[in-house]
>>> print(open('model_13.txt').read())   # compact mmCIF, C-alpha atoms
# COMPACT_ATOMS: atom_id res chain seq x y z
CA MET A 255 -92.45 -23.30 -8.42
CA GLY A 256 -89.52 -22.37 -10.64
CA LYS A 257 -86.60 -20.24 -9.59
CA TYR A 258 -87.70 -16.70 -8.74
CA THR A 259 -84.47 -14.94 -7.79
CA ALA A 260 -80.79 -15.77 -7.46
CA ILE A 261 -80.50 -13.41 -4.47
CA ASP A 262 -82.16 -14.87 -1.38
CA ASP A 263 -80.21 -12.58 0.97
CA PRO A 264 -80.10 -8.97 -0.27
CA SER A 265 -77.92 -8.02 2.72
CA ALA A 266 -75.01 -9.66 0.90
CA TYR A 267 -75.20 -6.82 -1.65
CA PHE A 268 -76.85 -3.86 0.10
CA GLN A 269 -77.04 -2.77 3.74
CA THR A 270 -77.82 0.35 5.73
CA ALA A 271 -75.81 1.17 8.85
CA LEU A 272 -76.67 3.69 11.57
CA TYR A 273 -73.96 5.06 13.82
CA THR A 274 -73.06 7.86 16.22
CA GLY A 275 -70.03 10.06 15.56
CA ASN A 276 -67.15 10.21 18.02
CA ALA A 277 -64.76 12.73 16.38
CA GLY A 278 -62.00 10.10 16.35
CA PHE A 279 -61.40 6.77 14.68
CA ASN A 280 -64.79 5.09 14.36
CA THR A 281 -65.34 1.55 13.07
CA ILE A 282 -68.86 0.89 11.74
CA THR A 283 -69.88 -2.76 11.49
CA ASN A 284 -72.86 -3.99 9.49
CA ASP A 285 -75.50 -6.14 11.17
CA GLY A 286 -77.24 -7.83 8.23
CA ASN A 287 -77.65 -11.58 7.72
CA SER A 288 -74.47 -11.58 5.62
CA ASP A 289 -71.18 -9.79 6.00
CA LEU A 290 -70.97 -6.93 3.53
CA ALA A 291 -67.63 -5.52 2.40
CA PRO A 292 -68.85 -2.23 0.89
CA ASP A 293 -67.46 -0.92 -2.38
CA PHE A 294 -69.77 2.11 -2.58
CA ILE A 295 -70.73 4.07 0.55
CA TRP A 296 -73.24 6.93 0.48
CA GLY A 297 -73.66 8.58 3.87
CA LYS A 298 -75.38 11.51 5.55
CA CYS A 299 -75.56 13.10 8.98
CA ARG A 300 -79.15 12.76 10.20
CA SER A 301 -79.17 15.05 13.22
CA THR A 302 -77.84 18.31 11.79
CA THR A 303 -77.18 20.08 8.50
CA LYS A 304 -74.17 18.55 6.75
CA THR A 305 -73.32 17.54 3.21
CA HIS A 306 -73.72 13.99 1.90
CA PHE A 307 -70.54 11.94 1.48
CA LEU A 308 -69.90 9.35 -1.24
CA TYR A 309 -66.84 7.07 -1.39
CA ASP A 310 -65.99 3.95 -3.39
CA THR A 311 -63.18 1.40 -3.62
CA THR A 312 -62.40 2.20 -7.27
CA ARG A 313 -61.51 5.82 -6.53
CA GLY A 314 -60.12 4.77 -3.15
CA ALA A 315 -60.56 5.75 0.48
CA GLU A 316 -60.25 9.45 1.36
CA LYS A 317 -61.72 10.47 -2.04
CA ARG A 318 -65.04 12.18 -1.32
CA LEU A 319 -67.88 13.36 -3.54
CA GLU A 320 -71.04 15.12 -2.31
CA SER A 321 -74.42 14.50 -3.95
CA ASP A 322 -75.97 17.78 -2.77
CA ASN A 323 -73.57 20.09 -4.59
CA THR A 324 -71.49 20.38 -7.75
CA GLY A 325 -68.07 20.25 -6.10
CA ALA A 326 -65.18 18.26 -7.52
CA GLU A 327 -63.76 15.24 -5.71
CA ASP A 328 -61.69 16.18 -2.69
CA SER A 329 -58.95 14.32 -0.84
CA ASN A 330 -60.27 14.03 2.67
CA THR A 331 -57.86 12.44 5.15
CA ASN A 332 -60.42 12.90 7.95
CA GLY A 333 -63.21 11.04 6.16
CA ILE A 334 -63.57 7.34 5.36
CA LEU A 335 -60.14 5.78 5.79
CA ASN A 336 -60.77 2.05 5.33
CA PHE A 337 -63.22 -0.34 3.69
CA TYR A 338 -63.55 -3.47 5.84
CA THR A 339 -64.96 -6.98 5.29
CA ASP A 340 -68.16 -6.02 7.10
CA GLY A 341 -68.16 -2.24 7.32
CA PHE A 342 -65.76 0.70 7.23
CA ARG A 343 -63.73 3.10 9.40
CA THR A 344 -63.88 6.88 9.57
CA ALA A 345 -61.51 9.46 10.99
CA SER A 346 -62.45 12.66 12.83
CA GLY A 347 -64.04 14.67 10.00
CA ASN A 348 -67.18 16.63 10.88
CA THR A 349 -68.98 15.52 7.72
CA GLU A 350 -68.58 11.79 8.40
CA ASN A 351 -67.99 11.56 12.17
CA ASP A 352 -68.87 14.66 14.21
CA ASN A 353 -68.97 13.93 17.92
CA GLY A 354 -72.42 12.89 19.18
CA GLU A 355 -74.18 13.31 15.83
CA SER A 356 -76.33 10.58 14.24
CA TYR A 357 -75.43 9.17 10.81
CA VAL A 358 -76.73 6.81 8.15
CA ALA A 359 -74.57 4.99 5.59
CA TRP A 360 -76.07 3.14 2.62
CA GLN A 361 -73.63 0.54 1.26
CA TRP A 362 -73.40 -1.51 -1.94
CA LYS A 363 -71.07 -4.36 -2.85
CA ALA A 364 -69.31 -4.37 -6.23
CA ASN A 365 -66.22 -6.56 -6.73
CA GLY A 366 -64.07 -6.00 -3.66
CA GLY A 367 -62.16 -3.16 -5.29
CA THR A 368 -60.94 -5.35 -8.17
CA THR A 369 -61.20 -3.47 -11.47
CA SER A 370 -60.52 -4.19 -15.13
CA SER A 371 -59.97 -2.18 -18.29
CA ASN A 372 -62.97 -2.01 -20.63
CA THR A 373 -62.66 -1.13 -24.33
CA ASP A 374 -66.29 -1.71 -25.38
CA GLY A 375 -66.81 2.03 -25.98
CA ASN A 376 -65.05 4.82 -27.86
CA ILE A 377 -63.63 5.86 -24.48
CA THR A 378 -61.68 3.24 -22.56
CA SER A 379 -63.05 2.85 -19.04
CA THR A 380 -62.09 1.11 -15.82
CA VAL A 381 -64.93 -1.01 -14.42
CA GLN A 382 -65.66 -2.76 -11.15
CA VAL A 383 -68.63 -5.07 -11.68
CA ASN A 384 -70.93 -7.19 -9.55
CA SER A 385 -72.77 -9.34 -12.08
CA ASP A 386 -75.08 -10.91 -9.47
CA ALA A 387 -76.38 -7.54 -8.29
CA ASN A 388 -76.08 -5.87 -11.74
CA PHE A 389 -74.06 -2.97 -10.33
CA SER A 390 -70.89 -1.40 -11.68
CA ILE A 391 -68.59 1.46 -10.76
CA VAL A 392 -67.11 3.01 -13.90
CA THR A 393 -64.31 5.56 -14.19
CA TYR A 394 -63.13 7.22 -17.40
CA THR A 395 -61.36 10.29 -18.77
CA GLY A 396 -63.23 12.68 -21.04
CA ASN A 397 -62.22 13.73 -24.57
CA PHE A 398 -64.85 16.42 -25.37
CA THR A 399 -65.94 14.61 -28.52
CA ALA A 400 -69.55 14.21 -29.61
CA THR A 401 -71.34 10.85 -29.77
CA GLN A 402 -69.07 8.88 -27.49
CA THR A 403 -69.73 5.57 -25.75
CA VAL A 404 -68.33 4.24 -22.48
CA GLY A 405 -68.22 0.58 -21.46
CA HIS A 406 -70.09 -0.20 -18.23
CA GLY A 407 -69.33 -3.93 -17.86
CA LEU A 408 -72.81 -5.02 -16.74
CA GLY A 409 -73.55 -7.32 -19.67
CA VAL A 410 -77.14 -6.00 -19.63
CA ARG A 411 -78.55 -2.61 -20.60
CA PRO A 412 -78.45 -0.34 -17.54
CA ASP A 413 -81.65 1.02 -16.02
CA VAL A 414 -79.87 3.84 -14.15
CA VAL A 415 -76.60 5.68 -14.83
CA ILE A 416 -75.38 8.42 -12.45
CA ILE A 417 -72.33 10.44 -13.59
CA LYS A 418 -70.17 13.01 -11.78
CA ASN A 419 -67.18 14.99 -13.00
CA ARG A 420 -64.49 14.28 -10.40
CA SER A 421 -62.17 17.02 -11.70
CA GLY A 422 -64.57 19.96 -11.93
CA ALA A 423 -67.57 21.70 -10.40
CA ASN A 424 -70.39 20.25 -12.48
CA ASP A 425 -73.85 18.81 -11.85
CA TRP A 426 -74.48 15.19 -11.06
CA VAL A 427 -76.55 13.85 -13.97
CA VAL A 428 -78.91 10.89 -13.76
CA TRP A 429 -80.30 8.91 -16.66
CA THR A 430 -82.98 6.27 -16.18
CA SER A 431 -84.64 4.04 -18.74
CA GLU A 432 -88.04 5.40 -17.63
CA LEU A 433 -87.37 9.03 -18.56
CA THR A 434 -88.38 10.57 -21.86
CA SER A 435 -85.83 9.50 -24.47
CA GLY A 436 -82.66 11.58 -24.23
CA ASN A 437 -83.66 13.27 -20.97
CA PHE A 438 -81.83 13.37 -17.64
CA MET A 439 -82.19 14.80 -14.13
CA LYS A 440 -79.74 16.49 -11.78
CA LEU A 441 -79.09 14.63 -8.52
CA ASN A 442 -77.88 17.80 -6.79
CA ALA A 443 -80.97 19.84 -7.75
CA THR A 444 -84.76 19.76 -7.64
CA ASP A 445 -85.19 20.40 -11.40
CA ALA A 446 -87.59 18.43 -13.55
CA GLN A 447 -86.15 16.21 -16.27
CA SER A 448 -84.59 18.07 -19.18
CA SER A 449 -82.85 17.22 -22.41
CA SER A 450 -79.48 17.94 -23.97
CA SER A 451 -77.92 15.96 -26.80
CA ARG A 452 -74.56 16.96 -25.34
CA ILE A 453 -75.20 15.12 -22.05
CA TYR A 454 -76.68 11.66 -22.61
CA GLN A 455 -76.97 10.31 -26.13
CA ASP A 456 -77.95 7.10 -27.87
CA GLY A 457 -75.59 4.27 -27.09
CA PHE A 458 -77.22 2.64 -24.08
CA THR A 459 -76.68 -1.03 -24.79
CA THR A 460 -75.71 -4.21 -22.95
CA SER A 461 -72.10 -3.01 -23.07
CA THR A 462 -72.06 0.83 -23.22
CA PHE A 463 -73.77 4.11 -22.32
CA GLY A 464 -73.66 7.18 -24.55
CA ILE A 465 -72.42 10.71 -23.77
CA GLY A 466 -71.89 13.92 -25.73
CA ALA A 467 -69.35 16.75 -25.79
CA ASN A 468 -70.19 18.50 -22.53
CA ASN A 469 -68.10 19.39 -19.48
CA THR A 470 -70.63 17.69 -17.21
CA VAL A 471 -69.94 14.25 -18.68
CA ASN A 472 -67.04 14.59 -21.11
CA LYS A 473 -64.62 17.49 -20.66
CA ASN A 474 -61.25 16.86 -22.23
CA SER A 475 -58.78 15.26 -19.76
CA ASN A 476 -61.22 15.43 -16.83
CA ASN A 477 -61.88 12.35 -14.72
CA TYR A 478 -65.39 10.94 -14.19
CA VAL A 479 -67.19 8.29 -12.19
CA ALA A 480 -70.43 6.58 -13.18
CA TYR A 481 -72.59 4.33 -11.01
CA CYS A 482 -74.62 1.91 -13.16
CA PHE A 483 -77.53 -0.30 -12.08
CA ASN A 484 -79.89 -2.79 -13.68
CA ASN A 485 -83.01 -4.44 -12.24
CA VAL A 486 -82.50 -7.77 -10.45
CA GLN A 487 -85.67 -9.67 -9.63
CA GLY A 488 -86.12 -9.96 -5.88
CA TYR A 489 -83.29 -7.49 -5.10
CA SER A 490 -83.54 -4.16 -6.95
CA LYS A 491 -85.99 -2.25 -9.10
CA PHE A 492 -85.81 1.06 -10.93
CA GLY A 493 -89.00 2.43 -12.46
CA LYS A 494 -91.69 5.08 -12.29
CA TYR A 495 -95.18 5.60 -10.93
CA VAL A 496 -97.95 8.11 -11.62
CA GLY A 497 -99.39 10.04 -8.68
CA ASN A 498 -103.12 10.23 -7.98
CA GLY A 499 -103.22 13.27 -5.69
CA ASN A 500 -105.00 11.71 -2.72
CA ASN A 501 -104.15 10.14 0.63
CA SER A 502 -104.57 6.62 -0.72
CA GLY A 503 -101.72 6.91 -3.18
CA PRO A 504 -100.50 4.43 -5.77
CA TYR A 505 -99.13 1.03 -4.82
CA ILE A 506 -95.84 0.13 -6.55
CA HIS A 507 -95.11 -3.57 -6.89
CA LEU A 508 -91.44 -4.47 -6.43
CA GLY A 509 -91.48 -8.20 -5.77
CA PHE A 510 -89.62 -7.64 -2.47
CA ARG A 511 -89.88 -5.85 0.85
CA PRO A 512 -87.82 -2.68 0.36
CA ALA A 513 -84.88 -1.77 2.55
CA PHE A 514 -84.26 1.55 0.74
CA ILE A 515 -86.32 3.74 -1.59
CA MET A 516 -85.43 6.99 -3.35
CA THR A 517 -88.08 8.91 -5.30
CA LYS A 518 -87.98 12.01 -7.52
CA LYS A 519 -90.73 13.80 -9.44
CA SER A 520 -89.58 13.71 -13.05
CA ASP A 521 -92.33 15.97 -14.46
CA GLY A 522 -91.69 18.87 -12.09
CA THR A 523 -89.71 20.35 -9.23
CA SER A 524 -89.06 18.19 -6.16
CA GLY A 525 -86.27 16.77 -4.05
CA TRP A 526 -84.73 13.32 -4.23
CA PHE A 527 -86.38 11.76 -1.17
CA MET A 528 -84.46 8.95 0.54
CA GLN A 529 -86.02 6.51 3.02
CA ASP A 530 -84.84 3.24 4.51
CA ILE A 531 -86.10 0.58 6.88
CA LYS A 532 -83.38 1.27 9.48
CA ARG A 533 -84.41 4.85 10.28
CA GLY A 534 -87.74 4.05 11.90
CA ILE A 535 -90.19 3.56 9.03
CA LYS A 536 -93.62 2.80 10.51
CA ASN A 537 -96.57 2.15 8.25
CA ASN A 538 -99.47 4.58 8.68
CA ASP A 539 -97.08 7.03 10.36
CA THR A 540 -97.22 10.66 9.23
CA ASN A 541 -93.77 11.44 10.68
CA THR A 542 -91.69 9.49 8.20
CA PRO A 543 -87.94 10.23 8.47
CA VAL A 544 -86.78 11.64 5.14
CA LEU A 545 -83.45 12.84 3.77
CA GLN A 546 -82.85 14.49 0.39
CA ALA A 547 -79.98 13.51 -1.90
CA ASN A 548 -79.96 17.07 -3.25
CA GLY A 549 -79.87 18.80 0.15
CA SER A 550 -77.76 19.00 3.29
CA PHE A 551 -80.88 19.16 5.50
CA SER A 552 -81.13 17.04 8.62
CA GLU A 553 -84.02 14.65 9.18
CA ALA A 554 -85.48 16.96 11.81
CA THR A 555 -85.57 20.03 9.55
CA VAL A 556 -86.28 18.46 6.16
CA GLY A 557 -89.80 19.95 6.27
CA PHE A 558 -91.72 17.06 4.73
CA THR A 559 -93.05 15.21 7.78
CA ASP A 560 -96.28 14.45 5.91
CA TYR A 561 -94.43 12.33 3.35
CA GLU A 562 -96.01 9.04 4.38
CA ILE A 563 -95.06 5.78 2.71
CA ASP A 564 -95.77 2.16 3.65
CA PHE A 565 -92.99 -0.40 3.22
CA LEU A 566 -94.88 -3.60 2.34
CA SER A 567 -93.85 -7.23 1.89
CA ASN A 568 -93.74 -6.94 -1.91
CA GLY A 569 -93.64 -3.21 -2.65
CA PHE A 570 -94.56 0.21 -1.29
CA LYS A 571 -97.61 2.47 -1.17
CA LEU A 572 -97.91 6.25 -0.94
CA ARG A 573 -100.18 7.43 1.88
CA ASP A 574 -100.21 11.18 1.39
CA ASP A 575 -101.23 13.72 -1.25
CA ASN A 576 -98.01 15.75 -0.90
CA THR A 577 -97.31 17.06 -4.40
CA TYR A 578 -93.59 16.31 -4.08
CA VAL A 579 -94.36 12.59 -4.07
CA ASN A 580 -97.98 12.15 -5.20
CA ALA A 581 -99.35 14.93 -7.39
CA SER A 582 -102.21 13.91 -9.67
CA ASN A 583 -101.07 12.63 -13.07
CA GLN A 584 -97.42 13.48 -12.37
CA GLU A 585 -94.65 10.95 -12.99
CA TYR A 586 -92.08 9.97 -10.37
CA ALA A 587 -88.88 7.98 -10.81
CA TYR A 588 -87.79 5.58 -8.08
CA MET A 589 -84.88 3.37 -7.04
CA ALA A 590 -85.46 0.53 -4.57
CA PHE A 591 -83.30 -2.17 -2.97
CA ALA A 592 -84.57 -5.17 -1.04
CA GLU A 593 -84.65 -6.19 2.57
CA HIS A 594 -86.34 -9.52 1.70
CA PRO A 595 -87.44 -11.02 -1.64
CA PHE A 596 -91.18 -11.72 -1.62
CA VAL A 597 -90.37 -15.19 -2.95
CA THR A 598 -87.01 -16.95 -2.60
CA SER A 599 -85.16 -18.94 -5.26
CA THR A 600 -86.78 -22.09 -3.88
CA GLY A 601 -90.24 -20.62 -4.32
CA ILE A 602 -90.81 -20.08 -0.58
CA PRO A 603 -92.41 -16.74 0.37
CA THR A 604 -90.46 -14.77 2.96
CA THR A 605 -92.02 -13.34 6.07
CA ALA A 606 -91.83 -9.57 6.19
CA ARG A 607 -90.90 -8.07 9.53
>>> encode(input="model_13.txt", output="structure tokens")
Amino acid sequence: MGKYTAIDDPSAYFQTALYTGNAGFNTITNDGNSDLAPDFIWGKCRSTTKTHFLYDTTRGAEKRLESDNTGAEDSNTNGILNFYTDGFRTASGNTENDNGESYVAWQWKANGGTTSSNTDGNITSTVQVNSDANFSIVTYTGNFTATQTVGHGLGVRPDVVIIKNRSGANDWVVWTSELTSGNFMKLNATDAQSSSSRIYQDGFTTSTFGIGANNTVNKNSNNYVAYCFNNVQGYSKFGKYVGNGNNSGPYIHLGFRPAFIMTKKSDGTSGWFMQDIKRGIKNNDTNTPVLQANGSFSEATVGFTDYEIDFLSNGFKLRDDNTYVNASNQEYAYMAFAEHPFVTSTGIPTTAR
């Protein structure tokens, strides 16, 4: 068999960590097959209502964004203080490290914090790129000019671009290649996809993404961050499925056993539902632990305990008719990252746990 994937060990590029807060200095160490020095950390308290927290090595430690609201970046000296070679360290902040509370942290590797200037677009950007995992962290400064392009550094056309204004209180906006042309969704809201030529525009190429003259993505002199992803066989997949409205829902082929899945109804109102293999996923279990990227809810109070999903060796399957995830003839966007490729680069199938 020919080469299937260049990534036999997804834990070198993505890992989930669970930890308990101690209201002091707290070092969280990853336990995957490979050490993972995270460049992008997205975390959430599981046991009580608290905001999400997002940090990356391009913006630097102590610079927090929150996916469930529109707030600007804040300087948080009690949040994540250090990025380590196989984890990270927090201080005593309630959001990231409240005493006795349970937390989850999803982590992606980019380029060890090493960035470069990119002049592929009308707007010069700073990019940190992982070409193996097709992931880049992009920062740029807006100019409030229509029909602008920003270099992303991937070398392939992105499948997902998530942008946040770091300087102002604006929505998070998400573009995926599966949405209706020109449309976007809001990560901090439950809204269906919508369109605005002043948000995302043409210009999505192997080197750039396109933005308009809008404060959300391009206010003059404001600073922005964009997280860009592209499919990698055996490691990541970004796509859509159509619900069927019954308890034997659609099966979505990924080509790997998922470690993390996020879904969002694009045709109507719903949350951004986040699940991962570390938080107790059990197939045929109606009490699936769910968090929402758009909400500060805890796992216990999220209110969607009938959101049942099976994590399979080469994809996932919906097992409930909940309209938020499986309404008949409704479209849903998804993002997935691998625990194991279904087939390795040597052509050997992996054994799913």
>>> atom_distance(input="model_13.txt", atom1="atom CA of Pro543 of chain A", atom2="atom CA of Tyr338 of chain A")
28.1 Å
>>> closest_residue(input="model_13.txt", among="A:Asn474, A:Ser461, A:Thr324, A:Gly366", to="Ile417 of chain A", atoms="only C-alpha atoms")
A:Thr324
>>> atom_distance(input="model_13.txt", atom1="atom CA of Ser379 of chain A", atom2="atom CA of Asp340 of chain A")
28.1 Å
>>> axis_aligned_box(input="model_13.txt", around="segment 443-452 of chain A", padding_each_side="6 Å", output="JSON")
{"center_x": -81.1, "center_y": 18.2, "center_z": -17.2, "size_x": 25.0, "size_y": 16.4, "size_z": 31.2}
>>> closest_residue(input="model_13.txt", among="A:Tyr258, A:Trp526, A:Phe279, A:Tyr586", to="Thr444 of chain A", atoms="all atoms listed in the file")
A:Trp526
>>> residues_around(input="model_13.txt", residues="segment 283-300 of chain A", least_positions_apart="5", cutoff="8 Å", atoms="only C-alpha atoms", output="short mmCIF file (atom, residue, chain, number, x, y, z; two decimals) with C-alpha atoms, in the coordinates of the input")
data_model
loop_
_atom_site.label_atom_id
_atom_site.label_comp_id
_atom_site.auth_asym_id
_atom_site.auth_seq_id
_atom_site.Cartn_x
_atom_site.Cartn_y
_atom_site.Cartn_z
CA ASP A 263 -80.21 -12.58 0.97
CA SER A 265 -77.92 -8.02 2.72
CA ALA A 266 -75.01 -9.66 0.90
CA TYR A 267 -75.20 -6.82 -1.65
CA PHE A 268 -76.85 -3.86 0.10
CA GLN A 269 -77.04 -2.77 3.74
CA THR A 270 -77.82 0.35 5.73
CA ALA A 271 -75.81 1.17 8.85
CA THR A 305 -73.32 17.54 3.21
CA HIS A 306 -73.72 13.99 1.90
CA PHE A 307 -70.54 11.94 1.48
CA LEU A 308 -69.90 9.35 -1.24
CA TYR A 309 -66.84 7.07 -1.39
CA ASP A 310 -65.99 3.95 -3.39
CA THR A 311 -63.18 1.40 -3.62
CA THR A 312 -62.40 2.20 -7.27
CA PHE A 337 -63.22 -0.34 3.69
CA TYR A 338 -63.55 -3.47 5.84
CA THR A 339 -64.96 -6.98 5.29
CA ASP A 340 -68.16 -6.02 7.10
CA GLY A 341 -68.16 -2.24 7.32
CA PHE A 342 -65.76 0.70 7.23
CA THR A 349 -68.98 15.52 7.72
CA GLU A 350 -68.58 11.79 8.40
CA GLU A 355 -74.18 13.31 15.83
CA SER A 356 -76.33 10.58 14.24
CA TYR A 357 -75.43 9.17 10.81
CA VAL A 358 -76.73 6.81 8.15
CA ALA A 359 -74.57 4.99 5.59
CA TRP A 360 -76.07 3.14 2.62
CA GLN A 361 -73.63 0.54 1.26
CA TRP A 362 -73.40 -1.51 -1.94
CA LYS A 363 -71.07 -4.36 -2.85
CA ALA A 364 -69.31 -4.37 -6.23
CA ASN A 365 -66.22 -6.56 -6.73
CA GLY A 366 -64.07 -6.00 -3.66
CA GLY A 367 -62.16 -3.16 -5.29
CA LEU A 545 -83.45 12.84 3.77
CA SER A 552 -81.13 17.04 8.62
CA GLU A 553 -84.02 14.65 9.18
CA ALA A 554 -85.48 16.96 11.81
#
>>> closest_residue(input="model_13.txt", among="A:Asn501, A:Ser435, A:Gln529, A:Asn388", to="Phe514 of chain A", atoms="all atoms listed in the file")
A:Gln529
>>> closest_residue(input="model_13.txt", among="A:Asn498, A:Gln546, A:Asn372, A:Thr303", to="Lys571 of chain A", atoms="all atoms listed in the file")
A:Asn498
>>> closest_residue(input="model_13.txt", among="A:Ala590, A:Ile531, A:Ile334, A:Leu319", to="Gly422 of chain A", atoms="only C-alpha atoms")
A:Leu319
>>> atom_distance(input="model_13.txt", atom1="atom CA of Thr430 of chain A", atom2="atom CA of Val404 of chain A")
16.1 Å
>>> closest_residue(input="model_13.txt", among="A:Glu585, A:Asp564, A:Asp413, A:Asp322", to="Asp521 of chain A", atoms="all atoms listed in the file")
A:Glu585
>>> residues_around(input="model_13.txt", residues="Asn330 of chain A", least_positions_apart="3", cutoff="7 Å", atoms="all atoms listed in the file", output="MDAnalysis selection string")
chainID A and resid 316:318 333
>>> build_atoms(input="model_13.txt", residues="segment 487-494 of chain A", atoms="all heavy atoms", output="CSV table (one decimal), in the coordinates of the input")
chain,number,residue,atom,x,y,z
A,487,GLN,N,-84.4,-9.2,-10.2
A,487,GLN,CA,-85.7,-9.7,-9.6
A,487,GLN,C,-85.4,-10.1,-8.2
A,487,GLN,O,-84.5,-10.9,-7.9
A,487,GLN,CB,-86.2,-10.8,-10.4
A,487,GLN,CG,-87.6,-11.3,-9.9
A,487,GLN,CD,-88.3,-12.2,-10.9
A,487,GLN,OE1,-89.2,-11.9,-11.6
A,487,GLN,NE2,-87.8,-13.5,-11.0
A,488,GLY,N,-86.2,-9.6,-7.3
A,488,GLY,CA,-86.1,-10.0,-5.9
A,488,GLY,C,-85.1,-9.2,-5.1
A,488,GLY,O,-85.0,-9.3,-3.9
A,489,TYR,N,-84.3,-8.3,-5.8
A,489,TYR,CA,-83.3,-7.5,-5.1
A,489,TYR,C,-83.4,-6.0,-5.4
A,489,TYR,O,-83.3,-5.2,-4.4
A,489,TYR,CB,-81.9,-8.0,-5.5
A,489,TYR,CG,-80.8,-7.1,-5.1
A,489,TYR,CD1,-80.4,-6.9,-3.8
A,489,TYR,CD2,-80.1,-6.3,-6.1
A,489,TYR,CE1,-79.4,-6.0,-3.4
A,489,TYR,CE2,-79.1,-5.4,-5.8
A,489,TYR,CZ,-78.8,-5.3,-4.4
A,489,TYR,OH,-77.8,-4.4,-4.1
A,490,SER,N,-83.5,-5.6,-6.6
A,490,SER,CA,-83.5,-4.2,-7.0
A,490,SER,C,-84.5,-3.9,-8.1
A,490,SER,O,-84.8,-4.7,-8.9
A,490,SER,CB,-82.1,-3.7,-7.4
A,490,SER,OG,-81.7,-4.4,-8.6
A,491,LYS,N,-85.1,-2.7,-8.0
A,491,LYS,CA,-86.0,-2.2,-9.1
A,491,LYS,C,-85.9,-0.7,-9.3
A,491,LYS,O,-85.9,0.0,-8.3
A,491,LYS,CB,-87.4,-2.7,-8.8
A,491,LYS,CG,-88.3,-2.5,-10.0
A,491,LYS,CD,-89.7,-3.2,-9.8
A,491,LYS,CE,-90.5,-3.1,-11.1
A,491,LYS,NZ,-91.9,-3.8,-10.9
A,492,PHE,N,-85.9,-0.3,-10.6
A,492,PHE,CA,-85.8,1.1,-10.9
A,492,PHE,C,-86.9,1.3,-11.9
A,492,PHE,O,-87.0,0.7,-13.0
A,492,PHE,CB,-84.5,1.4,-11.6
A,492,PHE,CG,-83.3,0.7,-10.8
A,492,PHE,CD1,-82.8,-0.5,-11.2
A,492,PHE,CD2,-82.8,1.3,-9.7
A,492,PHE,CE1,-81.8,-1.1,-10.4
A,492,PHE,CE2,-81.8,0.8,-8.9
A,492,PHE,CZ,-81.3,-0.4,-9.3
A,493,GLY,N,-87.8,2.2,-11.6
A,493,GLY,CA,-89.0,2.4,-12.5
A,493,GLY,C,-89.6,3.8,-12.2
A,493,GLY,O,-89.0,4.7,-11.8
A,494,LYS,N,-90.9,3.8,-12.5
A,494,LYS,CA,-91.7,5.1,-12.3
A,494,LYS,C,-93.1,4.7,-11.9
A,494,LYS,O,-93.6,3.6,-12.1
A,494,LYS,CB,-91.7,5.9,-13.6
A,494,LYS,CG,-92.5,5.3,-14.7
A,494,LYS,CD,-92.5,6.2,-15.9
A,494,LYS,CE,-93.3,5.6,-17.1
A,494,LYS,NZ,-93.3,6.4,-18.3
